[in-house]
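coords04.cif, holding mmCIF, C-alpha atoms:
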```
data_final
loop_
_atom_site.label_atom_id
_atom_site.label_comp_id
_atom_site.auth_asym_id
_atom_site.auth_seq_id
_atom_site.Cartn_x
_atom_site.Cartn_y
_atom_site.Cartn_z
CA MET A 684 94.05 125.14 102.76
CA LEU A 685 97.28 125.01 104.77
CA ARG A 686 99.74 127.78 103.99
CA PRO A 687 103.39 126.80 104.63
CA GLY A 688 104.83 128.65 107.62
CA THR A 689 101.48 130.15 108.63
CA PRO A 690 100.48 129.57 112.26
CA ARG A 691 97.26 127.66 112.88
CA LEU A 692 94.87 128.42 115.72
CA LEU A 693 92.22 126.07 117.08
CA LEU A 694 89.03 127.96 117.94
CA LEU A 695 86.54 126.15 120.18
CA LEU A 696 83.04 127.22 119.18
CA PRO A 697 79.87 125.66 120.58
CA THR A 698 77.34 124.98 117.83
CA ALA A 699 75.05 127.81 118.94
CA THR A 700 77.12 130.98 119.28
CA TYR A 701 77.30 134.54 117.99
CA ARG A 702 81.10 134.53 117.95
CA THR A 703 81.96 132.76 114.70
CA ALA A 704 81.96 135.69 112.28
CA ALA A 705 84.02 137.99 114.54
CA PHE A 706 86.75 135.41 115.09
CA VAL A 707 86.87 134.35 111.44
CA GLU A 708 87.30 138.00 110.43
CA ALA A 709 90.00 138.45 113.09
CA ALA A 710 91.88 135.42 111.75
CA ARG A 711 91.68 136.86 108.23
CA ARG A 712 93.05 140.21 109.39
CA VAL A 713 95.87 138.59 111.36
CA GLY A 714 96.69 136.27 108.47
CA VAL A 715 96.56 132.95 110.31
CA ASP A 716 95.00 129.62 109.47
CA LEU A 717 91.93 128.88 111.54
CA THR A 718 90.55 125.52 112.57
CA VAL A 719 87.06 125.72 114.02
CA ALA A 720 86.16 122.97 116.48
CA SER A 721 82.58 122.28 117.53
CA GLU A 722 80.77 119.40 119.17
CA ARG A 723 78.75 118.49 116.07
CA PRO A 724 80.18 117.31 112.75
CA SER A 725 79.98 119.78 109.88
CA THR A 726 78.81 118.74 106.44
CA PHE A 727 81.86 120.62 105.09
CA GLN A 728 84.42 118.87 107.30
CA ASP A 729 85.48 116.34 104.66
CA ALA A 730 86.02 119.11 102.12
CA ASN A 731 88.06 121.20 104.58
CA PRO A 732 89.78 118.77 106.96
CA GLY A 733 92.25 121.36 108.20
CA GLY A 734 89.65 124.04 108.83
CA LEU A 735 86.95 122.06 110.65
CA VAL A 736 87.15 119.42 113.35
CA THR A 737 84.72 117.77 115.73
CA LEU A 738 85.72 117.56 119.40
CA ASP A 739 83.85 116.34 122.46
CA LEU A 740 83.54 119.69 124.20
CA SER A 741 81.72 118.06 127.13
CA ASP A 742 84.86 116.10 128.09
CA PRO A 743 88.06 118.21 128.29
CA ASP A 744 90.40 115.22 128.55
CA ARG A 745 88.84 113.49 125.57
CA ALA A 746 88.81 116.72 123.57
CA ALA A 747 92.51 117.19 124.34
CA ALA A 748 93.28 113.68 123.07
CA GLU A 749 91.26 114.33 119.91
CA ALA A 750 93.04 117.66 119.38
CA LEU A 751 96.40 115.95 119.81
CA ALA A 752 95.49 113.42 117.11
CA PHE A 753 94.34 116.26 114.82
CA ALA A 754 97.57 118.18 115.43
CA GLN A 755 99.67 115.26 114.19
CA GLU A 756 98.48 116.12 110.67
CA HIS A 757 97.65 119.80 111.15
CA PRO A 758 100.09 121.33 113.67
CA LEU A 759 98.54 123.86 116.04
CA GLN A 760 100.24 126.91 117.51
CA GLY A 761 97.38 128.23 119.64
CA VAL A 762 93.95 127.44 121.10
CA VAL A 763 91.11 129.73 122.21
CA GLY A 764 87.82 128.98 123.95
CA VAL A 765 85.03 131.54 123.72
CA ASP A 766 82.83 130.68 126.72
CA ASP A 767 83.05 129.25 130.23
CA ASP A 768 82.87 125.60 129.19
CA THR A 769 85.28 125.82 126.27
CA ALA A 770 87.74 127.78 128.45
CA VAL A 771 88.23 124.56 130.42
CA VAL A 772 88.57 122.53 127.22
CA ALA A 773 91.07 125.05 125.84
CA ALA A 774 93.14 124.74 129.01
CA ALA A 775 93.21 120.95 128.66
CA ILE A 776 94.25 121.18 125.01
CA ALA A 777 96.90 123.81 125.75
CA GLY A 778 98.38 121.63 128.47
CA THR A 779 98.44 118.54 126.25
CA LEU A 780 99.93 120.30 123.22
CA GLY A 781 102.25 122.65 125.12
CA LEU A 782 100.44 125.80 123.97
CA ARG A 783 99.92 129.11 125.75
CA GLY A 784 97.01 128.89 128.17
CA ASN A 785 95.79 128.46 131.73
CA SER A 786 96.00 125.34 133.84
CA VAL A 787 92.94 123.10 133.82
CA ALA A 788 92.62 123.53 137.58
CA ALA A 789 92.46 127.33 137.29
CA ALA A 790 89.96 127.21 134.43
CA ARG A 791 87.74 124.79 136.38
CA VAL A 792 87.77 126.95 139.50
CA ALA A 793 86.85 130.03 137.47
CA ARG A 794 83.97 128.07 135.93
CA ASP A 795 82.25 127.18 139.22
CA LYS A 796 80.78 130.01 141.31
CA HIS A 797 81.14 128.19 144.64
CA GLU A 798 84.71 127.03 144.05
CA GLN A 799 85.60 130.52 142.84
CA ARG A 800 84.04 132.20 145.87
CA THR A 801 85.81 129.79 148.24
CA LEU A 802 89.24 130.47 146.76
CA LEU A 803 88.73 134.23 146.53
CA ALA A 804 87.51 134.50 150.12
CA ALA A 805 90.54 132.53 151.33
CA ALA A 806 92.80 134.95 149.43
CA GLY A 807 91.15 138.00 151.00
CA VAL A 808 89.45 139.22 147.83
CA PRO A 809 86.22 141.06 148.77
CA VAL A 810 83.31 138.74 147.87
CA PRO A 811 79.80 138.39 149.33
CA ARG A 812 79.28 135.96 152.20
CA PHE A 813 78.05 132.74 150.64
CA THR A 814 76.82 129.21 151.33
CA ARG A 815 76.16 126.31 148.99
CA TYR A 816 72.98 124.31 149.48
CA GLY A 817 71.58 121.24 147.80
CA VAL A 818 68.38 121.54 145.79
CA ASP A 819 66.83 118.83 147.97
CA ASP A 820 67.35 120.84 151.16
CA ASP A 821 64.23 122.22 152.85
CA PRO A 822 64.00 125.88 151.77
CA ARG A 823 61.66 126.75 154.65
CA ARG A 824 64.25 125.61 157.15
CA LEU A 825 67.03 127.41 155.29
CA ALA A 826 65.01 130.62 155.04
CA ALA A 827 65.09 131.08 158.78
CA GLY A 828 68.89 131.06 158.89
CA VAL A 829 69.98 133.34 156.04
CA SER A 830 70.55 137.08 156.08
CA TYR A 831 68.38 139.39 153.96
CA PRO A 832 68.52 140.66 151.32
CA CYS A 833 70.24 137.70 149.70
CA VAL A 834 70.76 136.37 146.20
CA LEU A 835 70.18 132.79 145.04
CA LYS A 836 72.01 131.59 141.93
CA PRO A 837 72.97 128.42 140.05
CA LEU A 838 76.63 127.44 140.15
CA ARG A 839 77.28 127.30 136.41
CA LEU A 840 74.56 128.98 134.36
CA ALA A 841 75.44 132.16 132.48
CA ALA A 842 73.88 135.54 131.69
CA SER A 843 72.24 135.82 135.13
CA ARG A 844 69.91 132.96 134.29
CA GLY A 845 68.35 131.73 137.51
CA VAL A 846 69.75 134.58 139.63
CA ILE A 847 67.05 135.88 142.01
CA ARG A 848 67.08 138.29 144.93
CA ALA A 849 65.04 137.49 148.04
CA ASP A 850 64.21 140.06 150.74
CA THR A 851 62.05 137.90 153.03
CA PRO A 852 61.79 134.25 154.09
CA GLU A 853 58.69 133.86 151.90
CA ALA A 854 60.53 135.26 148.89
CA PHE A 855 63.48 132.96 149.65
CA VAL A 856 61.29 129.85 149.54
CA ALA A 857 59.72 130.94 146.24
CA ALA A 858 63.09 131.79 144.73
CA PHE A 859 64.64 128.51 145.89
CA GLU A 860 61.93 126.47 144.20
CA ARG A 861 62.20 128.56 141.05
CA VAL A 862 65.98 128.12 140.80
CA LYS A 863 65.51 124.39 141.36
CA ARG A 864 63.12 124.22 138.40
CA ILE A 865 65.53 126.21 136.22
CA LEU A 866 68.33 123.78 137.08
CA GLU A 867 66.08 120.86 136.22
CA ASP A 868 65.28 122.44 132.85
CA ALA A 869 68.98 123.05 132.20
CA GLY A 870 69.80 119.47 133.07
CA ASN A 871 67.13 118.30 130.64
CA GLY A 872 69.03 119.84 127.74
CA MET A 873 68.00 123.51 127.71
CA ARG A 874 70.83 125.70 126.45
CA ASP A 875 71.82 128.89 128.19
CA ALA A 876 72.96 132.03 126.42
CA ARG A 877 74.65 135.29 127.26
CA CYS A 878 75.78 138.68 126.11
CA VAL A 879 77.02 137.58 127.14
CA GLY A 880 75.41 135.51 123.87
CA SER A 881 73.98 132.17 123.05
CA ASP A 882 76.58 129.63 124.02
CA ALA A 883 75.67 126.16 125.29
CA SER A 884 76.28 125.04 128.84
CA ARG A 885 76.17 121.46 130.06
CA ILE A 886 75.45 121.21 133.75
CA PRO A 887 77.51 118.60 135.64
CA ASP A 888 75.63 116.67 138.30
CA LEU A 889 76.98 118.51 141.36
CA ALA A 890 76.26 121.88 139.81
CA SER A 891 72.77 120.77 138.75
CA ARG A 892 71.99 119.67 142.33
CA SER A 893 73.33 122.72 144.14
CA LEU A 894 72.80 126.45 144.34
CA LEU A 895 74.60 129.37 145.93
CA VAL A 896 73.04 131.75 148.46
CA GLU A 897 75.01 134.93 149.09
CA ASP A 898 74.57 138.37 150.57
CA PHE A 899 73.21 141.00 148.19
CA ILE A 900 75.87 143.66 147.66
CA SER A 901 74.49 147.12 147.07
CA GLY A 902 76.12 149.61 144.73
CA ARG A 903 76.70 150.18 141.04
CA GLU A 904 77.92 147.33 138.89
CA TYR A 905 80.84 147.43 136.45
CA ALA A 906 82.35 145.02 133.95
CA LEU A 907 86.08 144.81 133.36
CA GLU A 908 87.44 143.36 130.14
CA GLY A 909 91.06 142.35 130.45
CA LEU A 910 93.90 140.28 129.06
CA LEU A 911 96.29 138.23 131.18
CA VAL A 912 99.86 138.04 129.88
CA ALA A 913 102.24 135.92 131.99
CA GLY A 914 100.07 136.56 135.03
CA GLU A 915 99.77 140.34 134.58
CA LEU A 916 96.25 141.66 134.01
CA HIS A 917 96.00 144.41 131.39
CA THR A 918 92.70 146.31 131.56
CA LEU A 919 91.29 146.65 128.06
CA ALA A 920 88.05 148.40 129.03
CA LEU A 921 85.98 149.19 132.10
CA PHE A 922 82.25 149.36 131.41
CA ASP A 923 79.63 151.22 133.41
CA LYS A 924 76.30 149.45 133.80
CA PRO A 925 74.13 152.53 134.25
CA ASP A 926 70.87 150.69 134.88
CA PRO A 927 70.57 149.61 138.54
CA LEU A 928 70.88 145.84 138.94
CA ASP A 929 69.00 145.50 142.22
CA GLY A 930 66.72 142.60 141.37
CA PRO A 931 64.62 140.67 141.87
CA TYR A 932 66.11 139.48 138.55
CA PHE A 933 69.34 140.61 136.93
CA GLU A 934 68.88 140.96 133.18
CA GLU A 935 71.65 143.25 131.96
CA THR A 936 71.01 146.07 129.51
CA ILE A 937 73.59 148.80 128.82
CA TYR A 938 77.40 148.69 128.88
CA VAL A 939 79.21 152.02 128.32
CA THR A 940 82.95 152.75 128.30
CA PRO A 941 85.03 154.60 129.39
CA SER A 942 83.72 154.34 132.91
CA ARG A 943 82.57 157.45 134.68
CA LEU A 944 84.07 156.23 137.94
CA PRO A 945 86.69 158.59 139.39
CA ALA A 946 90.28 157.60 138.67
CA ASP A 947 90.89 156.14 142.13
CA GLY A 948 87.75 154.04 141.79
CA ARG A 949 88.87 152.70 138.41
CA ARG A 950 92.26 151.80 139.86
CA ALA A 951 90.65 150.01 142.80
CA VAL A 952 88.44 147.97 140.48
CA ALA A 953 91.43 146.96 138.35
CA VAL A 954 93.44 145.96 141.42
CA CYS A 955 90.55 143.89 142.75
CA ALA A 956 90.15 142.06 139.43
CA ALA A 957 93.90 141.42 139.21
CA ARG A 958 93.98 140.00 142.75
CA ALA A 959 91.05 137.74 141.87
CA ALA A 960 92.69 136.43 138.72
CA ALA A 961 95.90 135.69 140.63
CA ALA A 962 94.01 133.96 143.43
CA LEU A 963 92.31 131.67 140.92
CA GLY A 964 95.63 130.81 139.32
CA LEU A 965 94.78 132.32 135.93
CA ARG A 966 97.80 133.50 133.95
CA GLU A 967 96.98 133.77 130.26
CA GLY A 968 94.20 134.98 128.03
CA PRO A 969 90.98 136.98 128.21
CA VAL A 970 89.21 137.80 131.46
CA HIS A 971 85.71 139.17 131.98
CA ALA A 972 85.01 140.38 135.52
CA GLU A 973 81.83 141.68 137.12
CA LEU A 974 82.25 143.93 140.16
CA ARG A 975 80.11 146.12 142.40
CA VAL A 976 81.36 149.31 143.99
CA ASN A 977 79.97 150.91 147.15
CA ALA A 978 81.31 152.88 150.10
CA SER A 979 83.43 149.87 151.11
CA GLY A 980 85.11 149.79 147.69
CA PRO A 981 84.94 147.15 144.95
CA TRP A 982 83.48 143.66 145.44
CA LEU A 983 84.24 140.83 143.06
CA ILE A 984 80.93 139.32 141.92
CA GLU A 985 82.29 137.00 139.25
CA LEU A 986 85.40 136.51 137.14
CA ALA A 987 85.42 134.37 134.00
CA ALA A 988 88.38 133.13 131.97
CA ARG A 989 86.77 134.18 128.69
CA PRO A 990 86.02 137.34 126.72
CA ILE A 991 82.79 139.28 126.92
CA GLY A 992 80.10 137.20 125.25
CA GLY A 993 77.62 137.50 122.45
CA ARG A 994 78.05 140.42 120.09
CA CYS A 995 79.05 142.84 122.84
CA SER A 996 82.69 142.81 121.75
CA GLY A 997 81.56 144.94 118.81
CA ALA A 998 81.60 147.90 121.21
CA LEU A 999 85.38 147.60 121.57
CA ARG A 1000 88.09 148.83 119.20
CA PHE A 1001 91.77 149.28 119.97
CA GLY A 1002 94.49 151.46 118.47
CA THR A 1003 94.63 154.96 117.05
CA GLY A 1004 93.22 154.46 113.57
CA GLY A 1005 90.57 156.78 112.22
CA SER A 1006 87.11 155.77 111.16
CA GLY A 1007 87.24 153.66 108.03
CA SER A 1008 91.04 153.49 108.04
CA GLY A 1009 91.06 149.78 108.72
CA THR A 1010 93.72 150.17 111.40
CA TRP A 1011 91.49 149.38 114.36
CA VAL A 1012 92.17 146.15 116.21
CA SER A 1013 89.22 144.10 117.45
CA LEU A 1014 89.03 142.27 120.78
CA GLU A 1015 89.02 138.98 118.88
CA GLU A 1016 92.22 139.93 117.06
CA ILE A 1017 93.93 140.70 120.37
CA ILE A 1018 92.85 137.32 121.76
CA LEU A 1019 94.10 135.44 118.69
CA ARG A 1020 97.42 137.25 118.62
CA HIS A 1021 98.00 136.60 122.31
CA ALA A 1022 97.18 132.89 122.00
CA LEU A 1023 99.67 132.56 119.15
CA GLY A 1024 102.39 134.61 120.84
CA MET A 1025 102.22 137.24 118.11
CA GLN A 1026 102.86 140.95 118.56
CA ILE A 1027 99.76 142.92 119.58
CA PRO A 1028 99.61 146.37 117.92
CA SER A 1029 97.79 148.04 120.79
CA LEU A 1030 95.97 147.31 124.05
CA GLU A 1031 94.72 150.90 124.25
CA ARG A 1032 91.04 151.38 123.58
CA GLU A 1033 90.02 154.06 121.08
CA VAL A 1034 89.46 157.59 122.40
CA PRO A 1035 85.69 157.98 121.68
CA ALA A 1036 83.17 156.56 124.11
CA SER A 1037 81.27 153.48 123.00
CA GLY A 1038 78.50 151.27 124.26
CA VAL A 1039 76.15 148.42 123.62
CA MET A 1040 72.62 147.71 124.72
CA MET A 1041 71.56 144.12 125.14
CA ILE A 1042 67.97 144.68 124.10
CA PRO A 1043 65.71 143.62 126.98
CA VAL A 1044 63.23 140.83 126.42
CA PRO A 1045 59.91 142.68 126.00
CA GLY A 1046 57.83 139.87 127.51
CA ALA A 1047 57.02 136.21 127.28
CA GLY A 1048 55.64 135.00 123.97
CA VAL A 1049 56.41 134.23 120.36
CA LEU A 1050 57.95 137.03 118.31
CA ARG A 1051 56.00 138.07 115.22
CA GLU A 1052 58.05 141.04 114.07
CA VAL A 1053 60.21 143.96 115.18
CA ARG A 1054 59.20 147.42 114.00
CA GLY A 1055 61.17 150.65 114.04
CA VAL A 1056 64.60 149.17 113.32
CA ASP A 1057 65.38 151.71 110.59
CA ALA A 1058 64.26 154.57 112.84
CA ALA A 1059 66.50 153.26 115.61
CA ARG A 1060 69.46 153.13 113.22
CA ARG A 1061 68.91 156.78 112.31
CA VAL A 1062 69.41 157.97 115.88
CA PRO A 1063 72.60 160.09 115.99
CA LEU A 1064 75.65 158.18 117.28
CA VAL A 1065 74.00 154.80 116.74
CA GLU A 1066 76.20 152.63 114.52
CA GLU A 1067 74.16 149.44 114.28
CA VAL A 1068 71.00 147.74 115.44
CA VAL A 1069 71.22 143.95 115.23
CA ILE A 1070 68.09 141.88 115.78
CA THR A 1071 69.19 138.32 116.45
CA ALA A 1072 65.75 136.92 117.30
CA HIS A 1073 63.67 135.72 114.36
CA PRO A 1074 59.90 135.65 113.74
CA GLY A 1075 58.44 132.56 115.31
CA GLN A 1076 61.06 132.43 118.06
CA GLU A 1077 59.88 132.13 121.65
CA LEU A 1078 61.18 134.91 123.90
CA VAL A 1079 61.65 133.99 127.54
CA PRO A 1080 62.16 136.73 130.18
CA TRP A 1081 64.62 136.44 133.05
CA PRO A 1082 65.26 134.56 135.29
CA GLU A 1083 64.29 131.53 133.18
CA GLY A 1084 65.58 133.10 129.98
CA ALA A 1085 69.06 134.19 128.99
CA ARG A 1086 68.79 135.05 125.29
CA TYR A 1087 68.64 138.67 124.23
CA PRO A 1088 66.60 139.50 121.12
CA GLY A 1089 69.29 141.82 119.77
CA PHE A 1090 71.95 144.46 120.34
CA ILE A 1091 72.31 148.21 119.75
CA PHE A 1092 75.75 149.81 119.30
CA ALA A 1093 76.66 153.48 119.62
CA ARG A 1094 79.85 155.52 119.59
CA GLY A 1095 80.38 159.20 120.39
CA GLY A 1096 82.22 161.89 122.27
CA THR A 1097 81.14 161.12 125.82
CA PRO A 1098 79.70 158.18 127.78
CA ASP A 1099 76.60 160.26 128.58
CA ALA A 1100 75.94 160.91 124.88
CA VAL A 1101 76.42 157.24 124.01
CA GLU A 1102 74.09 156.10 126.78
CA ALA A 1103 71.43 158.59 125.66
CA ALA A 1104 71.71 157.37 122.05
CA LEU A 1105 71.27 153.73 123.08
CA ARG A 1106 68.17 154.58 125.09
CA ALA A 1107 66.70 156.71 122.29
CA ALA A 1108 67.22 153.93 119.74
CA HIS A 1109 65.63 151.37 122.02
CA GLN A 1110 62.55 153.58 122.42
CA ARG A 1111 61.99 153.42 118.67
CA LEU A 1112 61.78 149.61 118.61
CA GLN A 1113 58.46 147.83 118.87
CA PHE A 1114 58.32 144.09 119.42
CA VAL A 1115 55.11 142.52 118.18
CA MET A 1116 54.43 139.31 120.08
#
```

Once you've parsed the file, please lay out its structure as structure tokens.
Amino acid sequence: MLRPGTPRLLLLLPTATYRTAAFVEAARRVGVDLTVASERPSTFQDANPGGLVTLDLSDPDRAAAEALAFAQEHPLQGVVGVDDDTAVVAAAIAGTLGLRGNSVAAARVARDKHEQRTLLAAAGVPVPRFTRYGVDDDPRRLAAGVSYPCVLKPLRLAASRGVIRADTPEAFVAAFERVKRILEDAGNGMRDARCVGSDASRIPDLASRSLLVEDFISGREYALEGLLVAGELHTLALFDKPDPLDGPYFEETIYVTPSRLPADGRRAVAVCAARAAAALGLREGPVHAELRVNASGPWLIELAARPIGGRCSGALRFGTGGSGSGTWVSLEEIILRHALGMQIPSLEREVPASGVMMIPVPGAGVLREVRGVDAARRVPLVEEVVITAHPGQELVPWPEGARYPGFIFARGGTPDAVEAALRAAHQRLQFVM
């Protein structure tokens, strides 16, 4: 129901996503009207015409025209996309309706790994050496001309799906053929997911017929969560990824913040991410950046114009409120307030350390049950264990898969203690396949 004088935000949610509940709760806390847009009609849309709308999320221009028609009856003051695809749609809608957001060109460049790499390299941002190849190229011929170790990856799949390291020409040929099959599956309607969650990704023709080959960058990996305001990047959190991500596949596991990098290292990472965002032309909204740090400093691996995916945002709280006080601000609330031009109470993360484990896929097969969940929840510092997979669901390991079976959250005095709690809780889980 419309409330006179209350701002209305359009939230772009693919049908399959973990993000709905967090954003709905954020809208309730902020006190704004929320319209949820998805690509499939809802059975409740007629009963709640202001709260639900169907948009063609595969076509940004068409979605923008549909949003404009919707806004004639239900005026909109902000728009937010929650994943890589809807970030482009949100940019198109923002441009059409005159709302706060990025340009479509910047959102598109951020969406495509090759276009992003090309622009960043031209701007002097440290990125791996890279080349784009077509899936119909002869991998045996290519294998003789690349440097090793190297990484092969699709241009637009998420959650490290299809990302494979190759150390030899023989491994390159095998990886090339495997990535090609993954792209074919994606083009046939498979849906990719991330903690980066379970959001859908349609693969345009060029992206489905190409892959990126780049130098493997050694070093520890970090994730920066930030918010762009008028072109200035505010770091909301810097996560350590304590498990080495050296391949051959790159399934992520643990994120812990605050980072244990020395202060000068944290500053260098933030500067690198800010330079990357500026080079891509991004100016407004959430940013999720992946970087590696070695003796040469930080390297930008990827930067997305979206927030951290899946349920991982549950590891972040902002402000100075005490436990149970209700004064914490969630990442989703910050994103909504920014999109609407509202005051943001705080961009400072809470003092205690926090972390999340994206529970690794235990193996290929059909899940029967998960045992030990209550024991995992009893581990000191663990706040929640969320199993998102259901009995009867097929679990697919990386690199073909991209859906985590669940998440573990912990909060405590130090990053070391939080990391240890996440690992201890995981050890108590047993997946019966």

So which residues touch Val954 of chain A within 10 Å, counting all atoms listed in the file, skipping near sequence neighbours fewer than 6 positions away, as an MDAnalysis selection string? chainID A and resid 916 918 948 960 981

Rows by chain and residue number, segment 909-1026 of chain A within 8 Å of segment 1092-1116 of chain A, shortest pair, all atoms listed in the file, as CSV:
```
residue,atom,partner,partner_atom,distance
A:Ile937,CA,A:Glu1102,CA,7.6
A:Val939,CA,A:Pro1098,CA,6.2
A:Thr940,CA,A:Pro1098,CA,6.3
A:Pro941,CA,A:Pro1098,CA,6.6
A:Ser942,CA,A:Pro1098,CA,7.6
A:Arg943,CA,A:Pro1098,CA,7.5
A:Gly997,CA,A:Phe1092,CA,7.6
A:Ala998,CA,A:Phe1092,CA,6.4
```

Given the selection you just returned, output its residues as a file containing C-alpha atoms, formatted as a tab-separated table (two decimals), keeping the file's coordinate frame.
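This went into result02.tsv:
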```
chain	number	residue	atom	x	y	z
A	937	ILE	CA	73.59	148.80	128.82
A	939	VAL	CA	79.21	152.02	128.32
A	940	THR	CA	82.95	152.75	128.30
A	941	PRO	CA	85.03	154.60	129.39
A	942	SER	CA	83.72	154.34	132.91
A	943	ARG	CA	82.57	157.45	134.68
A	997	GLY	CA	81.56	144.94	118.81
A	998	ALA	CA	81.60	147.90	121.21
```

Which residues match the PyMOL selection byres ((chain A and resi 742) around 10) in the file above, as a PyMOL selection string? chain A and resi 738-741+743-747+768-769+771-772+775

At what distance in Å, to one decimal, does atom CA of Arg702 of chain A lie from atom CA of Val1053 of chain A?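 Atom-to-atom, atom CA of Val1053 of chain A and atom CA of Arg702 of chain A are spaced 23.1 Å apart.
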
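Across the model, the gap from atom CA of Ile1091 of chain A to atom CA of Gly1055 of chain A is 12.8 Å.
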
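Comparing A:Leu692, A:Val896, A:Ala1085, A:Leu803 by their smallest distance to Pro832 of chain A, the closest is A:Val896 (using all atoms listed in the file).
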
Could you jot down the atom CA of Tyr932 of chain A to atom CA of Ala1036 of chain A separation for me, Å, one decimal place? 28.1 Å

Could you spell out the hits of the PyMOL selection byres ((chain A and resi 718) around 10) on the shown file, as a ChimeraX atom specification? /A:691-695,707,715-717,719-721,731-736,757,759,762

Quick one: segment 1085-1101 of chain A with N, CA and C atoms, as a PDB file, in the coordinates of the input?
```pdb
ATOM      1  N   ALA A1085      67.697 133.647 128.993  1.00  0.00           N
ATOM      2  CA  ALA A1085      69.060 134.190 128.990  1.00  0.00           C
ATOM      3  C   ALA A1085      69.466 134.585 127.572  1.00  0.00           C
ATOM      4  N   ARG A1086      68.491 134.708 126.686  1.00  0.00           N
ATOM      5  CA  ARG A1086      68.790 135.050 125.290  1.00  0.00           C
ATOM      6  C   ARG A1086      68.208 136.428 124.972  1.00  0.00           C
ATOM      7  N   TYR A1087      69.090 137.330 124.599  1.00  0.00           N
ATOM      8  CA  TYR A1087      68.640 138.670 124.230  1.00  0.00           C
ATOM      9  C   TYR A1087      68.146 138.677 122.794  1.00  0.00           C
ATOM     10  N   PRO A1088      67.105 139.470 122.494  1.00  0.00           N
ATOM     11  CA  PRO A1088      66.600 139.500 121.120  1.00  0.00           C
ATOM     12  C   PRO A1088      67.438 140.325 120.157  1.00  0.00           C
ATOM     13  N   GLY A1089      68.445 141.032 120.671  1.00  0.00           N
ATOM     14  CA  GLY A1089      69.290 141.820 119.770  1.00  0.00           C
ATOM     15  C   GLY A1089      70.195 142.758 120.536  1.00  0.00           C
ATOM     16  N   PHE A1090      70.946 143.562 119.766  1.00  0.00           N
ATOM     17  CA  PHE A1090      71.950 144.460 120.340  1.00  0.00           C
ATOM     18  C   PHE A1090      71.926 145.789 119.594  1.00  0.00           C
ATOM     19  N   ILE A1091      72.185 146.871 120.326  1.00  0.00           N
ATOM     20  CA  ILE A1091      72.310 148.210 119.750  1.00  0.00           C
ATOM     21  C   ILE A1091      73.701 148.727 120.094  1.00  0.00           C
ATOM     22  N   PHE A1092      74.398 149.290 119.101  1.00  0.00           N
ATOM     23  CA  PHE A1092      75.750 149.810 119.300  1.00  0.00           C
ATOM     24  C   PHE A1092      75.774 151.310 119.006  1.00  0.00           C
ATOM     25  N   ALA A1093      76.521 152.042 119.828  1.00  0.00           N
ATOM     26  CA  ALA A1093      76.660 153.480 119.620  1.00  0.00           C
ATOM     27  C   ALA A1093      78.076 153.906 119.967  1.00  0.00           C
ATOM     28  N   ARG A1094      78.504 154.994 119.365  1.00  0.00           N
ATOM     29  CA  ARG A1094      79.850 155.520 119.590  1.00  0.00           C
ATOM     30  C   ARG A1094      79.789 157.042 119.488  1.00  0.00           C
ATOM     31  N   GLY A1095      80.458 157.745 120.411  1.00  0.00           N
ATOM     32  CA  GLY A1095      80.380 159.200 120.390  1.00  0.00           C
ATOM     33  C   GLY A1095      81.395 159.836 121.302  1.00  0.00           C
ATOM     34  N   GLY A1096      81.225 161.131 121.542  1.00  0.00           N
ATOM     35  CA  GLY A1096      82.220 161.890 122.270  1.00  0.00           C
ATOM     36  C   GLY A1096      82.291 161.613 123.747  1.00  0.00           C
ATOM     37  N   THR A1097      81.160 161.314 124.369  1.00  0.00           N
ATOM     38  CA  THR A1097      81.140 161.120 125.820  1.00  0.00           C
ATOM     39  C   THR A1097      80.293 159.894 126.171  1.00  0.00           C
ATOM     40  N   PRO A1098      80.551 159.290 127.345  1.00  0.00           N
ATOM     41  CA  PRO A1098      79.700 158.180 127.780  1.00  0.00           C
ATOM     42  C   PRO A1098      78.238 158.589 127.935  1.00  0.00           C
ATOM     43  N   ASP A1099      77.988 159.810 128.419  1.00  0.00           N
ATOM     44  CA  ASP A1099      76.600 160.260 128.580  1.00  0.00           C
ATOM     45  C   ASP A1099      75.882 160.300 127.230  1.00  0.00           C
ATOM     46  N   ALA A1100      76.566 160.809 126.203  1.00  0.00           N
ATOM     47  CA  ALA A1100      75.940 160.910 124.880  1.00  0.00           C
ATOM     48  C   ALA A1100      75.679 159.520 124.308  1.00  0.00           C
ATOM     49  N   VAL A1101      76.601 158.599 124.515  1.00  0.00           N
ATOM     50  CA  VAL A1101      76.420 157.240 124.010  1.00  0.00           C
ATOM     51  C   VAL A1101      75.261 156.557 124.721  1.00  0.00           C
TER      52      VAL A1101
END
```
